[in-house]
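Chemist: input11.cif is reproduced in full below (mmCIF, C-alpha atoms).
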```
data_upload
#
loop_
_atom_site.label_atom_id
_atom_site.label_comp_id
_atom_site.auth_asym_id
_atom_site.auth_seq_id
_atom_site.Cartn_x
_atom_site.Cartn_y
_atom_site.Cartn_z
CA ASP A 1 0.00 0.00 0.00
CA LEU A 2 1.19 3.49 -0.77
CA THR A 3 -1.17 4.94 1.86
CA HIS A 4 -3.52 3.96 4.65
CA PHE A 5 -6.91 4.82 3.11
CA GLY A 6 -5.24 7.79 1.44
CA ASP A 7 -5.80 9.98 -1.58
CA PRO A 8 -3.39 10.98 -4.38
CA PRO A 9 -1.53 13.64 -2.34
CA ASP A 10 -0.77 11.02 0.31
CA ALA A 11 0.44 8.57 -2.33
CA PHE A 12 2.67 11.16 -3.98
CA ARG A 13 4.33 11.99 -0.64
CA VAL A 14 5.45 8.36 -0.49
CA ILE A 15 6.52 8.36 -4.14
CA GLU A 16 8.57 11.54 -3.63
CA ALA A 17 10.29 9.98 -0.61
CA VAL A 18 11.21 6.94 -2.72
CA ARG A 19 12.45 9.21 -5.54
CA ARG A 20 15.15 10.54 -3.21
CA PHE A 21 16.77 7.10 -3.48
CA CYS A 22 15.54 6.05 -6.93
CA PRO A 23 14.48 8.85 -9.29
CA ASN A 24 12.66 6.61 -11.79
CA VAL A 25 9.53 5.32 -10.09
CA LEU A 26 6.77 3.12 -11.51
CA ALA A 27 4.01 2.09 -9.12
CA VAL A 28 0.93 0.06 -8.35
CA THR A 29 -1.57 0.78 -5.62
CA GLY A 30 -2.42 -1.43 -2.70
CA ASN A 31 -5.82 -2.39 -1.40
CA LEU A 32 -5.73 0.39 1.21
CA ASP A 33 -5.26 3.14 -1.39
CA MET A 34 -8.42 4.83 -2.63
CA PRO A 35 -9.33 3.65 -6.17
CA TRP A 36 -8.75 7.08 -7.71
CA VAL A 37 -5.06 6.89 -6.76
CA ILE A 38 -4.70 4.59 -9.80
CA ASP A 39 -5.97 7.40 -12.04
CA ALA A 40 -3.56 9.88 -10.46
CA LEU A 41 -0.61 7.52 -11.02
CA ARG A 42 -1.76 7.01 -14.60
CA ALA A 43 -1.98 10.80 -15.14
CA GLU A 44 1.63 11.10 -13.93
CA GLY A 45 2.70 8.35 -16.33
CA ILE A 46 3.93 6.04 -13.57
CA SER A 47 1.08 3.53 -13.18
CA LEU A 48 1.69 -0.13 -13.92
CA HIS A 49 -1.90 -1.20 -13.18
CA GLY A 50 -2.86 -3.12 -16.30
CA GLU A 51 -0.03 -1.40 -18.14
CA GLY A 52 3.48 -2.26 -19.22
CA ARG A 53 6.64 -0.30 -19.95
CA ARG A 54 9.66 -1.30 -21.98
CA LEU A 55 13.01 -0.23 -20.56
CA GLY A 56 15.32 -1.53 -23.25
CA ASP A 57 15.06 -5.33 -23.16
CA LEU A 58 13.21 -5.26 -19.84
CA GLY A 59 9.42 -5.29 -19.75
CA VAL A 60 7.83 -4.09 -16.50
CA PHE A 61 4.10 -4.55 -15.91
CA GLY A 62 1.76 -4.80 -13.00
CA CYS A 63 -1.49 -4.99 -11.10
CA GLY A 64 -2.58 -2.92 -8.10
CA GLY A 65 -5.18 -3.52 -5.45
CA SER A 66 -5.80 -6.91 -3.92
CA ASN A 67 -8.04 -9.90 -4.17
CA VAL A 68 -11.26 -9.64 -2.15
CA THR A 69 -10.69 -9.53 1.62
CA PRO A 70 -13.07 -9.85 4.58
CA MET A 71 -12.22 -6.21 5.47
CA ASP A 72 -13.88 -4.63 2.40
CA THR A 73 -10.90 -2.36 1.69
CA PRO A 74 -11.06 0.39 -0.98
CA THR A 75 -9.27 -1.30 -3.88
CA GLU A 76 -10.22 -4.96 -4.18
CA LEU A 77 -10.65 -6.92 -7.39
CA GLU A 78 -12.43 -10.19 -8.11
CA GLU A 79 -10.20 -13.02 -9.33
CA ASP A 80 -11.33 -12.60 -12.95
CA GLU A 81 -10.55 -8.86 -12.76
CA LEU A 82 -7.05 -9.58 -11.44
CA ALA A 83 -6.49 -12.03 -14.30
CA ALA A 84 -7.66 -9.48 -16.88
CA VAL A 85 -5.50 -6.66 -15.48
CA LEU A 86 -2.44 -8.93 -15.44
CA GLU A 87 -3.02 -10.09 -19.02
CA ARG A 88 -3.54 -6.50 -20.22
CA GLY A 89 -0.27 -5.36 -18.66
CA HIS A 90 1.60 -8.40 -19.88
CA ALA A 91 0.38 -7.89 -23.46
CA ALA A 92 2.31 -4.61 -23.57
CA VAL A 93 5.63 -6.34 -22.79
CA ALA A 94 5.09 -9.97 -23.85
CA ASP A 95 7.91 -9.80 -26.41
CA ALA A 96 10.47 -8.42 -23.93
CA PRO A 97 13.46 -10.74 -23.38
CA ARG A 98 13.17 -10.18 -19.61
CA ARG A 99 9.94 -9.42 -17.73
CA LEU A 100 9.33 -8.02 -14.25
CA LEU A 101 5.88 -8.24 -12.68
CA VAL A 102 4.94 -5.80 -9.89
CA CYS A 103 1.71 -7.00 -8.28
CA HIS A 104 0.38 -5.96 -4.89
CA THR A 105 -1.37 -9.29 -4.40
CA PRO A 106 0.82 -12.36 -3.85
CA PRO A 107 0.12 -15.68 -5.52
CA HIS A 108 -1.94 -18.13 -3.48
CA ASP A 109 -0.34 -20.84 -1.34
CA THR A 110 3.27 -19.70 -1.31
CA ARG A 111 5.64 -18.63 1.45
CA LEU A 112 4.60 -15.05 0.72
CA ASP A 113 0.83 -15.03 1.28
CA ARG A 114 0.42 -16.52 4.74
CA LEU A 115 -1.14 -14.71 7.65
CA MET A 116 0.40 -15.01 11.11
CA ASN A 117 -1.76 -18.11 11.72
CA GLY A 118 -0.42 -19.78 8.55
CA THR A 119 -3.55 -19.33 6.41
CA PRO A 120 -2.74 -18.63 2.74
CA VAL A 121 -4.73 -15.64 1.46
CA GLY A 122 -3.08 -14.85 -1.87
CA SER A 123 -4.78 -14.88 -5.23
CA PRO A 124 -5.33 -18.06 -7.25
CA ALA A 125 -5.55 -15.88 -10.39
CA VAL A 126 -2.15 -14.31 -9.69
CA ARG A 127 -0.66 -17.76 -9.12
CA ALA A 128 -2.18 -19.13 -12.35
CA PHE A 129 -0.92 -16.11 -14.28
CA ILE A 130 2.66 -16.48 -12.98
CA GLU A 131 2.66 -20.22 -13.64
CA ARG A 132 1.41 -19.65 -17.20
CA ARG A 133 3.42 -16.54 -18.23
CA GLN A 134 6.58 -17.14 -16.16
CA PRO A 135 7.93 -13.59 -15.75
CA ASP A 136 11.55 -13.64 -14.61
CA VAL A 137 10.80 -11.89 -11.31
CA ALA A 138 7.54 -11.02 -9.56
CA VAL A 139 7.59 -8.45 -6.76
CA VAL A 140 4.48 -8.73 -4.59
CA GLY A 141 3.25 -7.29 -1.30
CA HIS A 142 -0.06 -7.06 0.57
CA ILE A 143 0.83 -9.57 3.30
CA HIS A 144 3.37 -7.65 5.38
CA GLU A 145 4.28 -10.71 7.44
CA GLY A 146 4.86 -12.62 4.17
CA ARG A 147 8.31 -11.11 3.61
CA GLY A 148 10.52 -13.58 1.78
CA VAL A 149 11.38 -15.28 -1.47
CA ASP A 150 9.70 -18.19 -3.22
CA ARG A 151 9.70 -19.69 -6.69
CA LEU A 152 6.90 -20.69 -9.06
CA GLY A 153 8.48 -22.55 -11.93
CA ALA A 154 11.20 -20.30 -13.36
CA THR A 155 9.78 -17.18 -11.67
CA VAL A 156 11.44 -15.81 -8.55
CA VAL A 157 8.66 -14.27 -6.42
CA VAL A 158 9.67 -11.74 -3.77
CA ASN A 159 7.66 -10.03 -1.02
CA PRO A 160 9.79 -7.29 0.57
CA GLY A 161 7.33 -6.68 3.40
CA ALA A 162 6.30 -3.16 4.37
CA LEU A 163 8.52 -0.25 3.35
CA ARG A 164 7.55 1.51 6.57
CA ASP A 165 9.29 -1.38 8.36
CA GLY A 166 12.36 -0.93 6.15
CA GLY A 167 11.63 -3.76 3.70
CA TYR A 168 12.46 -3.39 0.04
CA VAL A 169 13.83 -5.40 -2.87
CA VAL A 170 16.54 -4.56 -5.38
CA VAL A 171 15.96 -6.06 -8.82
CA ASP A 172 19.09 -6.06 -10.98
CA ASP A 173 19.08 -6.47 -14.75
CA ASP A 174 22.57 -7.41 -15.93
CA GLY A 175 21.47 -7.57 -19.55
CA ALA A 176 21.16 -11.35 -19.52
CA ARG A 177 18.94 -12.06 -16.52
CA LEU A 178 17.09 -10.48 -13.63
CA THR A 179 18.02 -11.09 -10.01
CA ALA A 180 16.18 -9.96 -6.90
CA GLU A 181 17.62 -9.33 -3.45
CA LEU A 182 15.66 -8.54 -0.28
CA ARG A 183 17.06 -5.67 1.75
CA THR A 184 16.19 -3.78 4.90
CA ARG A 185 16.67 -0.05 5.43
CA ARG A 186 17.62 0.67 8.99
#
```
Can I see the file as structure tokens?
Modeler:
Amino acid sequence: DLTHFGDPPDAFRVIEAVRRFCPNVLAVTGNLDMPWVIDALRAEGISLHGEGRRLGDLGVFGCGGSNVTPMDTPTELEEDELAAVLERGHAAVADAPRRLLVCHTPPHDTRLDRLMNGTPVGSPAVRAFIERRQPDVAVVGHIHEGRGVDRLGATVVVNPGALRDGGYVVVDDDGARLTAELRTRR
């Protein structure tokens, strides 16, 4: 989540803070961001929700919001909507030699989607998409306690945990392959 039930100005405060460390920012919203934050990101040209960008041989695409939760948060999508948004973003970069997925919702039944009690709450649609399309790296979030790394086929899936807790991931493109490394800002 960029915000906690916040509007575009709240989201852009976070984005500007990130830009101090990394000037080129592309983003997806979380389920706690108001739905119109997606439109504001799109207007700034930095949204990845159902969109893709080519950066040389790297294709970056994404999906914001989350699967449906019991909490009825502002930006939730049904499983078929998640699948459609992922496919739309992927279509823009499908021919890229290397592909990076940025998706707020983790794939179902991995190390990255479990609540504190061990219940997996990720998206079956996200899992099916990753298994079918096999992006090189998928960076996910949503489940803050799900920080870690997992693999689905050839795809390395990474959940950095909450940025407010110092969690982030560095994805490196060496021109031949993508690697992902979890880091913590202290």
Chemist: Quick one: apply the PyMOL selection byres ((chain A and resi 50) around 7) to the file and drop the selected residues here as an MDAnalysis selection string.
Modeler: chainID A and resid 48:49 51 62:63 85:86 88:89
Chemist: Would you work out the distance separating CA of Val60 (chain A) from CA of Glu145 (chain A), expressed in Å to one decimal?
Modeler: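 For CA of Val60 (chain A) relative to CA of Glu145 (chain A), the distance reads 25.1 Å.
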Chemist: Once the PyMOL selection byres ((chain A and resi 53) around 12) is applied to the coordinates I shared, what remains selected? I want it as JSON, numbers by chain.
Modeler: {"A": [25, 26, 27, 45, 46, 47, 48, 49, 50, 51, 52, 54, 55, 56, 57, 58, 59, 60, 61, 62, 88, 89, 90, 91, 92, 93, 94, 95, 96, 98, 99, 100, 101, 102]}
Chemist: Which residue, A:Glu44, A:Asp165, A:Glu16, A:Glu87, has the smallest gap to Ala128 (chain A) when you use only C-alpha atoms?
Modeler: A:Glu87
Chemist: Take CA of His144 (chain A) and CA of Arg132 (chain A) and report the distance between them in Å, one decimal.
Modeler: 25.6 Å
Chemist: Name the residues captured by the PyMOL selection byres ((chain A and resi 33) around 12) when it is applied to the shown file; answer as an MDAnalysis selection string.
Modeler: chainID A and resid 1:12 14 28:32 34:41 64:66 73:76 104 142
Chemist: Please list as number ranges by chain every residue within 9 Å of region 106-111 of chain A, counting all atoms listed in the file and excluding residues in the same chain fewer than 3 positions away.
Modeler: A: 66, 103, 114, 119-130, 138-143, 146-152, 157-159
Chemist: Using all atoms listed in the file, which residue out of A:Asp172, A:Asp72, A:Asn67, A:Glu81 lies closest to Asp113 (chain A)?
Modeler: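 Closest candidate: A:Asn67.
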Chemist: How far is it from CA of Val169 (chain A) to CA of Val156 (chain A), in Å with one decimal?
Modeler: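 Here the two named atoms are 12.1 Å from each other.
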Chemist: Residues near Ala154 (chain A), anyone? I mean within 9 Å using all atoms listed in the file, not counting same-chain ones fewer than 6 positions away, as a PyMOL selection string.
Modeler: chain A and resi 131+134-137
Chemist: Keeping C-alpha atoms, export the residues of the selection given above as a tab-separated table (two decimals), in the coordinates of the input.
Modeler:
```tsv
chain	number	residue	atom	x	y	z
A	131	GLU	CA	2.66	-20.22	-13.64
A	134	GLN	CA	6.58	-17.14	-16.16
A	135	PRO	CA	7.93	-13.59	-15.75
A	136	ASP	CA	11.55	-13.64	-14.61
A	137	VAL	CA	10.80	-11.89	-11.31
```
Chemist: Determine, counting all atoms listed in the file, which protein, DNA and RNA residues have an atom within 10 Å of an atom of Arg183 (chain A); residues of the same chain fewer than 5 positions away are not included. Present the result as a list of chain:residue names.
Modeler: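 Once the adjacent positions are removed, what remains is A:Pro160, A:Gly161, A:Gly166, A:Gly167, A:Tyr168, A:Val169, A:Val170.
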Chemist: Nearest to Thr69 (chain A): which of A:Thr105, A:Arg42, A:Arg177, A:Asn24 is it, counting only C-alpha atoms?
Modeler: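 Ranked by minimum distance to Thr69 (chain A), first place goes to A:Thr105.
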Chemist: Hey, which of A:Met71, A:Glu78, A:Pro97, A:Ala84 ends up closest to Gly175 (chain A)? Count only C-alpha atoms.
Modeler: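 For Gly175 (chain A), the nearest of the candidates is A:Pro97.
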Chemist: Padding 5 Å on each side, edges along x, y and z: where is the centre of the box around the listed atoms of region 62-71 of chain A, and how long are its edges in Å to one decimal? Output it as lines of an AutoDock Vina configuration file.
Modeler:
```
center_x = -5.7
center_y = -6.4
center_z = -3.8
size_x = 24.8
size_y = 17.0
size_z = 28.5
```
Chemist: Give me region 24-44 of chain A with N, CA and C atoms filled in, as a PDB file, in the frame of the given file.
Modeler:
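Below is the file that was written, part_2.pdb:
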```
ATOM      1  N   ASN A  24      13.618   7.154 -10.829  1.00  0.00           N
ATOM      2  CA  ASN A  24      12.660   6.610 -11.790  1.00  0.00           C
ATOM      3  C   ASN A  24      11.711   5.653 -11.082  1.00  0.00           C
ATOM      4  N   VAL A  25      10.501   6.101 -10.850  1.00  0.00           N
ATOM      5  CA  VAL A  25       9.530   5.320 -10.090  1.00  0.00           C
ATOM      6  C   VAL A  25       8.356   4.928 -10.987  1.00  0.00           C
ATOM      7  N   LEU A  26       8.016   3.651 -10.949  1.00  0.00           N
ATOM      8  CA  LEU A  26       6.770   3.120 -11.510  1.00  0.00           C
ATOM      9  C   LEU A  26       6.041   2.492 -10.330  1.00  0.00           C
ATOM     10  N   ALA A  27       4.711   2.512 -10.335  1.00  0.00           N
ATOM     11  CA  ALA A  27       4.010   2.090  -9.120  1.00  0.00           C
ATOM     12  C   ALA A  27       2.688   1.394  -9.406  1.00  0.00           C
ATOM     13  N   VAL A  28       2.282   0.594  -8.430  1.00  0.00           N
ATOM     14  CA  VAL A  28       0.930   0.060  -8.350  1.00  0.00           C
ATOM     15  C   VAL A  28       0.374   0.452  -6.988  1.00  0.00           C
ATOM     16  N   THR A  29      -0.933   0.489  -6.894  1.00  0.00           N
ATOM     17  CA  THR A  29      -1.570   0.780  -5.620  1.00  0.00           C
ATOM     18  C   THR A  29      -1.743  -0.500  -4.820  1.00  0.00           C
ATOM     19  N   GLY A  30      -2.035  -0.316  -3.545  1.00  0.00           N
ATOM     20  CA  GLY A  30      -2.420  -1.430  -2.700  1.00  0.00           C
ATOM     21  C   GLY A  30      -3.908  -1.400  -2.449  1.00  0.00           C
ATOM     22  N   ASN A  31      -4.386  -2.342  -1.688  1.00  0.00           N
ATOM     23  CA  ASN A  31      -5.820  -2.390  -1.400  1.00  0.00           C
ATOM     24  C   ASN A  31      -6.266  -1.279  -0.458  1.00  0.00           C
ATOM     25  N   LEU A  32      -5.353  -0.681   0.292  1.00  0.00           N
ATOM     26  CA  LEU A  32      -5.730   0.390   1.210  1.00  0.00           C
ATOM     27  C   LEU A  32      -5.686   1.773   0.571  1.00  0.00           C
ATOM     28  N   ASP A  33      -5.238   1.871  -0.669  1.00  0.00           N
ATOM     29  CA  ASP A  33      -5.260   3.140  -1.390  1.00  0.00           C
ATOM     30  C   ASP A  33      -6.645   3.325  -2.003  1.00  0.00           C
ATOM     31  N   MET A  34      -7.118   4.559  -2.022  1.00  0.00           N
ATOM     32  CA  MET A  34      -8.420   4.830  -2.630  1.00  0.00           C
ATOM     33  C   MET A  34      -8.320   4.536  -4.134  1.00  0.00           C
ATOM     34  N   PRO A  35      -9.385   4.051  -4.756  1.00  0.00           N
ATOM     35  CA  PRO A  35      -9.330   3.650  -6.170  1.00  0.00           C
ATOM     36  C   PRO A  35      -8.849   4.749  -7.118  1.00  0.00           C
ATOM     37  N   TRP A  36      -9.140   6.000  -6.807  1.00  0.00           N
ATOM     38  CA  TRP A  36      -8.750   7.080  -7.710  1.00  0.00           C
ATOM     39  C   TRP A  36      -7.253   7.377  -7.660  1.00  0.00           C
ATOM     40  N   VAL A  37      -6.524   6.760  -6.742  1.00  0.00           N
ATOM     41  CA  VAL A  37      -5.060   6.890  -6.760  1.00  0.00           C
ATOM     42  C   VAL A  37      -4.507   6.274  -8.045  1.00  0.00           C
ATOM     43  N   ILE A  38      -5.134   5.201  -8.533  1.00  0.00           N
ATOM     44  CA  ILE A  38      -4.700   4.590  -9.800  1.00  0.00           C
ATOM     45  C   ILE A  38      -4.750   5.615 -10.918  1.00  0.00           C
ATOM     46  N   ASP A  39      -5.836   6.378 -10.998  1.00  0.00           N
ATOM     47  CA  ASP A  39      -5.970   7.400 -12.040  1.00  0.00           C
ATOM     48  C   ASP A  39      -4.901   8.477 -11.907  1.00  0.00           C
ATOM     49  N   ALA A  40      -4.588   8.866 -10.677  1.00  0.00           N
ATOM     50  CA  ALA A  40      -3.560   9.880 -10.460  1.00  0.00           C
ATOM     51  C   ALA A  40      -2.180   9.371 -10.885  1.00  0.00           C
ATOM     52  N   LEU A  41      -1.878   8.113 -10.579  1.00  0.00           N
ATOM     53  CA  LEU A  41      -0.610   7.520 -11.020  1.00  0.00           C
ATOM     54  C   LEU A  41      -0.560   7.457 -12.536  1.00  0.00           C
ATOM     55  N   ARG A  42      -1.677   7.084 -13.144  1.00  0.00           N
ATOM     56  CA  ARG A  42      -1.760   7.010 -14.600  1.00  0.00           C
ATOM     57  C   ARG A  42      -1.542   8.398 -15.216  1.00  0.00           C
ATOM     58  N   ALA A  43      -2.137   9.427 -14.635  1.00  0.00           N
ATOM     59  CA  ALA A  43      -1.980  10.800 -15.140  1.00  0.00           C
ATOM     60  C   ALA A  43      -0.531  11.265 -15.059  1.00  0.00           C
ATOM     61  N   GLU A  44       0.208  10.764 -14.076  1.00  0.00           N
ATOM     62  CA  GLU A  44       1.630  11.100 -13.930  1.00  0.00           C
ATOM     63  C   GLU A  44       2.525  10.226 -14.807  1.00  0.00           C
TER      64      GLU A  44
END
```
